[in-house]
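Asks: Shown below is the structure under consideration.
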Amino acid sequence: MESFNPADNFIPVKSKLNWDEYFMLQAMMASFKSKDPSTKVGSVFVDQANHQITMGYNGFVAGIDETKLPWGKDARAPLEFQKYGYVVHSEANAILHTTKSLEGSRCYVTLFPCNECAKLIASKKVKEVIYLSDKHQEKESTKIAKRIFDLTGIHYRQLELKKELIDELHGHLLQLFSDI
Ligand SMILES: [Zn+2]
């Protein structure tokens with residue numbers, strides 16, 4: 001019988017993704033749950049030990065009768081008949097859904113926060129905001145959000161996800177399905 005060297009079981013391995021990539025993918029997964037037909041946003045708050053504290057996605061007020069509310073955003077209708085009157089943003093939902101402290105945490109979010117969410121993030125003493133898209137950078141609400149972060153010392157940075165990561169994740173998910 002061929003002898004086995006236990007050392008052969010020490011196979012060099014490496015995680016496919018770093019923490020930034022991992023939590024941004026979590027935020028992207030949260031956004032996937034949103035029913036918003038135009039803008040799906042997700043966010044995840046993480047503590048200094050890289051443990052997820054809370055997550056959220058944009059959706060109507062919890063517990064409300066959604067069948068009576070509009071998802072459209074056509075501004076020709078009064079606010080009462082636009083989604084903006086009723087939607088709670090992902091960051092606000094995440095903050096609402098935890099009783100834990102967010103002081104010193106990192107916020108991973110798929111879209112740069114608006115000024116209303118920036119108020120909440122800053123009030124909770126979050127340390128850093130990591131975002132995927134800044135497509136509303138010209139909007140006043142984004143500029144105010146950045147001013148809030150600058151004045152409260154909250155660091156923010158954009159994360160670029162490598163396309164290969166999405167391909168690898170896709171392959172991984174397909175592998176899981178094939179195991180069923
Ligand atoms: Zn917001």
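Starting from 1 in every chain, residues are counted up; chains themselves are A, B, ... following the order of the structure tokens, and ligands are numbered from 1 as listed.
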Could I get the residue neighbourhood of ligand 1 at 12 Å, counting only C-alpha atoms and all ligand atoms, as an MDAnalysis selection string?
Replies: chainID A and resid 39:43 56:59 84 87:95 109:121 136 141:142 144:145
Asks: Please provide as a list in words all residues within 7 Å of region 14-23 of chain A, with the sequence filter that same-chain residues fewer than 2 positions apart are discarded (counting only C-alpha atoms).
Replies: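 So, after excluding close chain neighbours, the residues are Leu25, Gln26, Ala27, Val44, Tyr108 and Leu161 of chain A.
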Asks: Expressed in Å to a single decimal, how great is the separation between CA of Ile148 (chain A) and CA of Ser123 (chain A)?
Replies: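 Going from CA of Ile148 (chain A) over to CA of Ser123 (chain A), I get 10.1 Å.
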Asks: Using only C-alpha atoms, which of the listed residues (A:Asn5, A:Gln48, A:Gln158, A:Gln175) sits closest to Glu103 (chain A)?
Replies: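 Selected residue with least distance to Glu103 (chain A): A:Gln48.
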Asks: In chain A, what's alpha helix (DSSP H) per DSSP? Answer as a VMD selection string?
Replies: chain A and resid 19 to 32 90 to 96 115 to 123 140 to 152 163 to 178
Asks: Could you tell me, as a count of residues only, which residues of region 14-170 of chain A DSSP assigns to strand (DSSP E) when given the backbone?
Replies: 31
Asks: Tell me, in Å to one decimal, how far CA of Asp134 (chain A) is from CA of Ala62 (chain A).
Replies: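 A separation of 27.0 Å between them.
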Asks: Just to confirm, what's the straight-line distance from CA of Tyr156 (chain A) to CA of Cys107 (chain A) in Å (one decimal)?
Replies: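 Going from CA of Tyr156 (chain A) over to CA of Cys107 (chain A), I get 9.3 Å.
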Asks: Have a look at A:Ile64, A:Ala30, A:Leu102, A:Val129 and name the one nearest to Lys146 (chain A); count only C-alpha atoms.
Replies: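 Closest to Lys146 (chain A) of all the choices is A:Val129.
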Asks: Considering only C-alpha atoms, return as a PyMOL selection string whatever protein or nucleic-acid residues lie within 8 Å of Arg157 (chain A), sequence-local ones (same chain, fewer than 2 positions apart) excluded.
Replies: chain A and resi 129-131+155+159
Asks: Name the residues in contact with Phe81 (chain A) at a cut-off of 12 Å, using only C-alpha atoms, excluding same-chain residues fewer than 4 positions from it; report them as a count of residues only.
Replies: 13
Asks: With a distance cut-off of 7 Å and only C-alpha atoms, select the neighbouring residues of Arg106 (chain A), excluding the residue or stretch itself and same-chain residues fewer than 2 positions from it, and output the selection as a PyMOL selection string.
Replies: chain A and resi 45-47+104+108+126-129
